[in-house]
Structure formats: structure tokens, C-alpha cells
>>> print(open('entry-v9.txt').read())   # compact mmCIF, C-alpha atoms and all ligand atoms
# COMPACT_ATOMS: atom_id res chain seq x y z
CA MET A 1 6.14 26.16 31.12
CA ASN A 2 6.87 23.64 33.90
CA ASP A 3 10.65 23.18 33.92
CA SER A 4 10.46 20.19 36.25
CA LYS A 5 8.54 18.23 33.60
CA ILE A 6 10.04 19.42 30.33
CA LYS A 7 13.56 18.21 29.74
CA ASN A 8 13.56 17.48 26.01
CA ILE A 9 12.22 19.59 23.15
CA VAL A 10 12.12 18.23 19.60
CA ILE A 11 11.74 20.61 16.67
CA LEU A 12 10.59 19.02 13.43
CA GLY A 13 12.14 20.93 10.52
CA GLY A 14 15.49 22.49 9.72
CA GLY A 15 14.33 25.46 7.65
CA THR A 16 14.46 29.06 8.80
CA ALA A 17 11.67 28.51 11.32
CA GLY A 18 13.24 25.39 12.83
CA TRP A 19 16.70 26.86 13.36
CA MET A 20 15.33 30.17 14.64
CA ALA A 21 13.22 28.28 17.17
CA ALA A 22 16.18 26.08 18.13
CA ASN A 23 18.43 29.07 18.82
CA LEU A 24 15.77 30.89 20.83
CA LEU A 25 14.65 27.90 22.92
CA HIS A 26 18.21 26.83 23.66
CA LYS A 27 19.23 30.33 24.71
CA LYS A 28 16.13 30.78 26.88
CA TRP A 29 16.14 27.41 28.65
CA GLN A 30 19.64 25.96 28.55
CA HIS A 31 20.16 26.97 32.18
CA LEU A 32 17.30 24.59 33.11
CA GLY A 33 19.12 21.69 31.45
CA ILE A 34 16.54 21.47 28.67
CA GLN A 35 17.89 19.67 25.61
CA VAL A 36 16.79 20.89 22.16
CA THR A 37 16.90 18.58 19.13
CA VAL A 38 16.20 19.50 15.50
CA VAL A 39 15.18 16.69 13.17
CA GLU A 40 15.21 17.44 9.46
CA SER A 41 14.81 15.31 6.41
CA PRO A 42 17.72 15.09 3.97
CA ASP A 43 15.09 14.20 1.33
CA ILE A 44 12.66 17.11 1.86
CA GLY A 45 14.27 20.43 1.00
CA ILE A 46 13.78 23.78 2.66
CA ILE A 47 11.89 26.64 0.98
CA GLY A 48 15.00 28.81 1.35
CA VAL A 49 13.74 31.84 -0.55
CA GLY A 50 13.03 35.35 0.62
CA GLU A 51 15.40 38.20 0.85
CA GLY A 52 13.99 40.81 3.15
CA SER A 53 12.92 41.24 6.76
CA THR A 54 11.04 43.67 8.97
CA PRO A 55 12.74 45.14 12.09
CA LEU A 56 11.77 42.01 14.02
CA LEU A 57 14.82 40.23 12.62
CA LYS A 58 17.00 42.72 14.48
CA VAL A 59 15.05 41.98 17.67
CA PHE A 60 15.68 38.27 17.02
CA PHE A 61 19.46 38.61 16.57
CA ASP A 62 19.72 41.07 19.49
CA SER A 63 17.90 38.60 21.74
CA LEU A 64 20.54 35.99 20.87
CA ASP A 65 23.39 38.51 21.48
CA ILE A 66 24.57 38.02 17.91
CA GLU A 67 26.28 41.16 16.60
CA GLU A 68 25.58 42.52 13.14
CA SER A 69 29.32 42.38 12.50
CA GLU A 70 29.10 38.60 12.98
CA TRP A 71 26.01 37.57 11.04
CA MET A 72 25.65 40.25 8.33
CA PRO A 73 28.87 39.49 6.40
CA ALA A 74 28.18 35.74 6.74
CA CYS A 75 24.73 36.16 5.17
CA ASN A 76 25.51 38.80 2.51
CA ALA A 77 23.20 41.15 4.41
CA THR A 78 22.61 44.85 4.09
CA TYR A 79 20.27 47.35 5.75
CA LYS A 80 16.64 47.78 4.77
CA ASN A 81 14.95 51.09 5.56
CA GLY A 82 11.52 50.16 4.22
CA ILE A 83 9.68 49.06 1.10
CA SER A 84 9.26 50.90 -2.20
CA PHE A 85 5.87 50.84 -3.88
CA VAL A 86 6.52 51.93 -7.46
CA ASP A 87 3.59 53.08 -9.61
CA TRP A 88 1.17 52.59 -6.74
CA SER A 89 -0.77 55.73 -7.71
CA THR A 90 -1.65 57.52 -10.93
CA VAL A 91 -1.63 60.97 -9.28
CA ALA A 92 1.15 63.08 -10.78
CA GLY A 93 4.04 63.43 -8.33
CA TYR A 94 2.74 60.58 -6.17
CA GLU A 95 3.42 57.59 -8.45
CA SER A 96 5.92 56.01 -6.03
CA TYR A 97 5.79 55.72 -2.31
CA PHE A 98 8.45 54.54 0.14
CA HIS A 99 6.90 52.78 3.13
CA PRO A 100 9.44 53.38 5.91
CA PHE A 101 9.98 51.50 9.14
CA PRO A 102 9.01 54.37 11.46
CA THR A 103 11.53 56.09 13.74
CA SER A 104 10.62 58.10 16.81
CA LEU A 105 11.51 61.29 14.88
CA ASP A 106 8.68 60.52 12.44
CA PHE A 107 6.14 60.98 15.19
CA ALA A 108 7.06 64.66 15.11
CA THR A 109 7.13 65.06 11.31
CA PHE A 110 4.06 62.92 10.54
CA GLY A 111 1.93 65.57 12.27
CA PHE A 112 2.97 67.95 9.47
CA LEU A 113 2.18 65.29 6.86
CA TYR A 114 -1.33 65.10 8.28
CA LYS A 115 -1.70 68.90 8.16
CA TYR A 116 -0.27 69.19 4.62
CA SER A 117 -2.53 66.37 3.38
CA THR A 118 -5.60 67.95 4.95
CA LEU A 119 -4.83 71.34 3.39
CA ARG A 120 -4.11 69.72 0.03
CA ARG A 121 -7.49 67.99 0.13
CA GLN A 122 -9.02 71.39 0.84
CA GLY A 123 -7.50 72.69 -2.41
CA LEU A 124 -4.14 74.22 -1.45
CA ASP A 125 -1.30 73.46 -3.86
CA LEU A 126 1.05 71.82 -1.33
CA LEU A 127 3.40 68.90 -1.89
CA ALA A 128 2.13 66.39 0.68
CA HIS A 129 4.08 63.35 -0.44
CA PRO A 130 4.71 61.05 2.58
CA ASN A 131 8.37 60.54 1.59
CA ARG A 132 9.11 64.19 2.46
CA PHE A 133 8.15 63.59 6.09
CA SER A 134 9.95 60.34 6.85
CA LEU A 135 13.55 60.16 8.03
CA LEU A 136 14.21 56.71 6.57
CA ALA A 137 12.68 57.64 3.19
CA ASN A 138 15.13 60.55 3.08
CA LEU A 139 18.08 58.40 4.14
CA THR A 140 17.21 55.88 1.44
CA GLU A 141 17.00 58.57 -1.23
CA LYS A 142 20.53 59.58 -0.22
CA ARG A 143 21.65 55.90 -0.13
CA LEU A 144 22.51 56.13 3.58
CA ALA A 145 22.37 53.36 6.18
CA PRO A 146 20.17 53.78 9.27
CA LEU A 147 23.11 53.96 11.67
CA PRO A 148 23.16 57.26 13.54
CA ALA A 149 25.83 58.49 15.96
CA GLU A 150 25.36 57.26 19.53
CA SER A 151 24.38 60.78 20.58
CA PHE A 152 21.43 60.85 18.12
CA PRO A 153 18.42 61.27 20.42
CA PHE A 154 15.78 59.37 18.41
CA HIS A 155 14.96 55.67 18.35
CA PHE A 156 15.63 53.89 15.07
CA GLN A 157 14.37 50.61 13.73
CA TYR A 158 15.28 48.94 10.49
CA GLY A 159 15.25 45.57 8.75
CA TYR A 160 17.68 43.77 6.47
CA HIS A 161 18.10 42.29 3.03
CA PHE A 162 20.04 39.03 3.02
CA ASP A 163 20.58 35.63 1.47
CA SER A 164 18.03 33.43 3.23
CA VAL A 165 19.90 30.20 2.49
CA LEU A 166 22.99 31.64 4.19
CA ILE A 167 20.91 32.77 7.18
CA GLY A 168 19.60 29.21 7.55
CA LYS A 169 23.15 27.82 7.46
CA PHE A 170 24.40 30.45 9.90
CA LEU A 171 21.63 29.69 12.39
CA ARG A 172 22.14 25.94 12.04
CA GLU A 173 25.89 26.16 12.72
CA ARG A 174 25.32 28.55 15.60
CA ALA A 175 22.73 26.28 17.21
CA LYS A 176 24.93 23.20 16.83
CA GLU A 177 27.94 25.03 18.31
CA LYS A 178 25.82 25.97 21.31
CA GLY A 179 24.74 22.37 21.90
CA VAL A 180 21.53 21.80 19.94
CA ASN A 181 21.27 18.20 18.67
CA HIS A 182 20.80 17.67 14.95
CA ILE A 183 19.27 14.52 13.48
CA GLU A 184 19.02 13.99 9.73
CA ALA A 185 16.10 11.65 9.15
CA THR A 186 12.57 11.70 7.78
CA VAL A 187 9.64 11.50 10.16
CA GLU A 188 7.27 8.81 8.91
CA SER A 189 4.59 8.88 11.57
CA VAL A 190 3.58 10.48 14.85
CA GLU A 191 2.78 8.39 17.94
CA GLN A 192 0.25 9.82 20.39
CA HIS A 193 -0.62 9.34 24.05
CA ASP A 194 -4.18 8.30 24.91
CA ASN A 195 -5.09 11.96 25.53
CA GLY A 196 -3.93 12.93 22.05
CA ASP A 197 -0.64 14.56 23.08
CA ILE A 198 2.34 13.70 20.91
CA LYS A 199 4.46 10.93 22.40
CA SER A 200 7.14 10.41 19.78
CA LEU A 201 8.14 10.73 16.14
CA LYS A 202 8.94 7.56 14.17
CA LEU A 203 11.92 8.09 11.89
CA ASN A 204 12.80 6.29 8.66
CA THR A 205 15.98 5.11 10.37
CA GLY A 206 13.85 2.94 12.67
CA GLU A 207 14.54 5.22 15.61
CA GLU A 208 11.69 6.62 17.72
CA LEU A 209 12.23 10.13 18.96
CA SER A 210 10.35 10.98 22.14
CA ALA A 211 10.22 14.37 23.85
CA ASP A 212 8.28 16.34 26.42
CA PHE A 213 7.45 19.12 23.96
CA PHE A 214 7.33 19.20 20.15
CA VAL A 215 7.52 22.19 17.80
CA ASP A 216 6.25 21.73 14.24
CA CYS A 217 8.43 23.67 11.80
CA SER A 218 7.89 21.26 8.90
CA GLY A 219 6.81 24.02 6.52
CA PHE A 220 4.42 23.10 3.74
CA ALA A 221 5.50 19.44 3.57
CA GLN A 222 2.82 16.83 4.20
CA PHE A 223 3.74 13.69 6.07
C1 LIG A 301 8.82 33.52 -3.47
C2 LIG A 301 8.93 33.65 -1.97
C3 LIG A 301 9.46 34.81 -1.44
C4 LIG A 301 9.54 34.95 -0.05
N1 LIG A 301 10.08 36.11 0.46
C5 LIG A 301 10.23 36.25 1.79
C6 LIG A 301 10.85 37.40 2.34
O1 LIG A 301 11.28 38.31 1.63
N2 LIG A 301 10.97 37.48 3.69
C7 LIG A 301 10.52 36.49 4.52
O2 LIG A 301 10.67 36.62 5.75
N3 LIG A 301 9.94 35.37 4.03
C8 LIG A 301 9.79 35.23 2.68
N4 LIG A 301 9.20 34.11 2.18
C9 LIG A 301 8.73 33.09 3.10
C10 LIG A 301 9.87 32.22 3.61
O3 LIG A 301 10.70 31.79 2.55
C11 LIG A 301 9.27 31.01 4.30
O4 LIG A 301 8.31 31.44 5.24
C12 LIG A 301 10.30 30.22 5.04
O5 LIG A 301 11.38 29.86 4.21
C13 LIG A 301 9.63 28.96 5.57
O6 LIG A 301 10.57 28.29 6.36
P1 LIG A 301 10.14 27.06 7.22
O7 LIG A 301 11.30 26.75 8.11
O8 LIG A 301 8.80 27.29 7.84
O9 LIG A 301 9.85 25.86 6.18
P2 LIG A 301 10.82 25.05 5.17
O10 LIG A 301 11.92 25.89 4.63
O11 LIG A 301 9.89 24.39 4.20
O12 LIG A 301 11.49 23.93 6.08
C14 LIG A 301 10.79 22.77 6.39
C15 LIG A 301 11.72 21.80 7.07
O13 LIG A 301 10.96 20.70 7.56
C16 LIG A 301 11.61 19.50 7.21
N5 LIG A 301 10.59 18.44 7.08
C17 LIG A 301 9.38 18.51 6.49
N6 LIG A 301 8.74 17.32 6.58
C18 LIG A 301 9.58 16.50 7.26
C19 LIG A 301 9.49 15.14 7.67
N7 LIG A 301 8.44 14.37 7.42
N8 LIG A 301 10.56 14.63 8.35
C20 LIG A 301 11.66 15.38 8.64
N9 LIG A 301 11.76 16.66 8.27
C21 LIG A 301 10.75 17.22 7.59
C22 LIG A 301 12.33 19.77 5.88
O14 LIG A 301 13.40 18.86 5.67
C23 LIG A 301 12.82 21.22 6.15
O15 LIG A 301 14.04 21.16 6.87
C24 LIG A 301 9.10 33.92 0.80
C25 LIG A 301 8.57 32.74 0.27
C26 LIG A 301 8.48 32.61 -1.10
C27 LIG A 301 7.89 31.34 -1.67
>>> encode(input="entry-v9.txt", output="C-alpha cells", more="lines below")
Ligand SMILES: Cc1cc2nc3c(=O)[nH]c(=O)nc-3n(C[C@H](O)[C@H](O)[C@H](O)COP(=O)(O)OP(=O)(O)OC[C@H]3O[C@@H](n4cnc5c(N)ncnc54)[C@H](O)[C@@H]3O)c2cc1C
Amino acid sequence: MNDSKIKNIVILGGGTAGWMAANLLHKKWQHLGIQVTVVESPDIGIIGVGEGSTPLLKVFFDSLDIEESEWMPACNATYKNGISFVDWSTVAGYESYFHPFPTSLDFATFGFLYKYSTLRRQGLDLLAHPNRFSLLANLTEKRLAPLPAESFPFHFQYGYHFDSVLIGKFLRERAKEKGVNHIEATVESVEQHDNGDIKSLKLNTGEELSADFFVDCSGFAQF
């Protein structure tokens, strides 16, 4: 990205994607004086559903230096160790399976899972259920959060369950506090340069919003 050319970024859409992008781009490039603007339509709603994440959401909040103690209570969030697949198999004793987010400890225990499974396939009567070999599956069975003591020598990763509407609001307020512009208007058409690059967005307020770089976070809406 050429910081001498790009001074204004416009993000179309104020759903989860738009406000995540706004927070990330502002944090990454504010020191270059790059201004980020989010334009969202008051007439086209957000999807705003979904309740669970993978560990990448932790990477996202960590990259913004937002503590769990700040965003989790604001978004009714709790920890997610993995995903339960209930009745995924008809084999007795294996009907349910907990798909964990792997920890570094699992790399040691999964070797035994492989051995147990191989022996079971060869006819030995061994319990080779994957849940027995995963740390997070065991924590979940005991209703424990994936928060070890600092001295715990293995790397953990986990996701979250949350209220996605509250996450959207939290990210919007955070971005605005940090200096991201927010325009409530509907984009009616897109103006292009001769080479096809986007020049500006025409709003239903009559305003024309130009920028050096555009990010399309308009979701499934057609315009
Ligand atoms: C049933 C269901 C369950 C789901 N579960 C999960 C889950 O557990 N975990 C997960 O991560 N994801 C989940 N998802 C997916 C997740 O909800 C969506 O990916 C996400 O909400 C999409 O956000 P978005 O910002 O891309 O789009 P949207 O929320 O649609 O936002 C679009 C934005 O663009 C704006 N816009 C559009 N057109 C214009 C225009 N012409 N002018 C101005 N503004 C405009 C709108 O105003 C809005 O602000 C689920 C989805 C569904 C349907």
C-alpha cells in the first residue's frame, strides 16, 4: 500500500464486517494520517445474527489491544472450547463428538488417539473416542473455562459465544471514539474512473463520497 497516495478509505457497510475492518484499518494506518469513513444505510439493516466464533476472534481483539474484560461483558460473551456434534455417528459409545480448538498439549495426546484407533480397527476392544484425548473436550465436560495459570506450559486457543448485535455496537462505538467517521446514508450509485477504478459513491443525501480506497462490506444487499 502506497501511503503517499492513500489518504482516505471509505468502507461501505456498518455490519460486523464493516466495523471490524474500520477498527483494523484505523489502528494499522492512523499514524500515516489515513482517514477511515464508514457509510451505512439507515434503511438497509444488518444481518446481525450468529453467536459463535473460532479462535480468530481472539486474534482480532488482541490485535486491537482490547481486553476480554472490556468487550466480553459488553457483548454478553463467554468462552467457546469447540463445537459439539451430537448424534453424528450410530456407533455405540461414539454418538457424540466434541470438535475442540486444538491446544499444543493435544499434539502429545493425539498420537495416542491415533494408536488407540489403529488398534481398535485391528479388533482390540479399546475406547478410542477422540474426546478422551483432547484437553478442551475434557475441560468442557467439566464446565471449565480455557484459562490456565500463567505457569501452564502449553499454548491454548479458544473462541467465544456472544451476542453479535452487541459486538457490532461495541465495535462501532470503539471505532467512532478512535476517530473513524460515520455517515448514515444509502449509496445509490458508484462512479468510476476511466480505468474502471472506483472514484466515488453517490449518496441519497446528494453528497458524493470520494476516496483513494474503497472496501465493500455491504453484505448481501444489492444496490
Ligand atoms: C442464521 C445465521 C447464523 C449465523 N451464525 C454465525 C456464527 O455463529 N458465527 C459467525 O461468525 N457468523 C455467523 N453468521 C454469519 C454472520 O451473521 C454474517 O456473516 C455477518 O453478520 C455479515 O455481516 P456483514 O457486515 O458482512 O453484512 P451485513 O450485516 O448485511 O451488513 C451490511 C451493511 O451494509 C450496509 N449497506 C448495504 N447496502 C448499502 C447501500 N446501498 N448503502 C449504504 N449502506 C449499505 C447495510 O446498511 C449494513 O450496514 C450467521 C448467519 C446466519 C444467517
>>> closest_residue(input="entry-v9.txt", among="A:Gly82, A:Gly196, A:Pro73, A:Gly206", to="Asn138 (chain A)", atoms="all atoms listed in the file")
A:Gly82
>>> residues_near_ligand(input="entry-v9.txt", ligand="ligand LIG 301 (chain A)", cutoff="9 Å", atoms="all atoms listed in the file", output="ChimeraX atom specification")
/A:12-20,38-54,57,161-162,164-165,168,184-189,203-204,216-223
>>> residues_around(input="entry-v9.txt", residues="His129 (chain A)", least_positions_apart="2", cutoff="9 Å", atoms="all atoms listed in the file", output="CSV table (one decimal) with C-alpha atoms, keeping the file's coordinate frame")
chain,number,residue,atom,x,y,z
A,93,GLY,CA,4.0,63.4,-8.3
A,94,TYR,CA,2.7,60.6,-6.2
A,97,TYR,CA,5.8,55.7,-2.3
A,113,LEU,CA,2.2,65.3,6.9
A,116,TYR,CA,-0.3,69.2,4.6
A,117,SER,CA,-2.5,66.4,3.4
A,127,LEU,CA,3.4,68.9,-1.9
A,131,ASN,CA,8.4,60.5,1.6
A,132,ARG,CA,9.1,64.2,2.5
A,133,PHE,CA,8.2,63.6,6.1
>>> closest_residue(input="entry-v9.txt", among="A:Ser63, A:Asn195, A:Lys169, A:Asp212", to="Ile34 (chain A)", atoms="only C-alpha atoms")
A:Asp212
>>> closest_residue(input="entry-v9.txt", among="A:Phe107, A:Phe98, A:Phe170, A:Phe61", to="His155 (chain A)", atoms="all atoms listed in the file")
A:Phe107
>>> closest_residue(input="entry-v9.txt", among="A:Ser134, A:Asn23, A:Thr37, A:Ser200", to="Gly111 (chain A)", atoms="only C-alpha atoms")
A:Ser134
>>> closest_residue(input="entry-v9.txt", among="A:Lys199, A:Leu105, A:His99, A:Ile6", to="Phe154 (chain A)", atoms="only C-alpha atoms")
A:Leu105
>>> atom_distance(input="entry-v9.txt", atom1="CA of Leu135 (chain A)", atom2="CA of Thr90 (chain A)")
24.4 Å
>>> closest_residue(input="entry-v9.txt", among="A:Asn8, A:Ser69, A:Thr78, A:Ser104", to="Ala145 (chain A)", atoms="all atoms listed in the file")
A:Thr78
>>> axis_aligned_box(input="entry-v9.txt", around="region 124-131 of chain A", padding_each_side="8 Å", output="JSON")
{"center_x": 2.1, "center_y": 67.4, "center_z": -0.6, "size_x": 28.5, "size_y": 29.7, "size_z": 22.4}
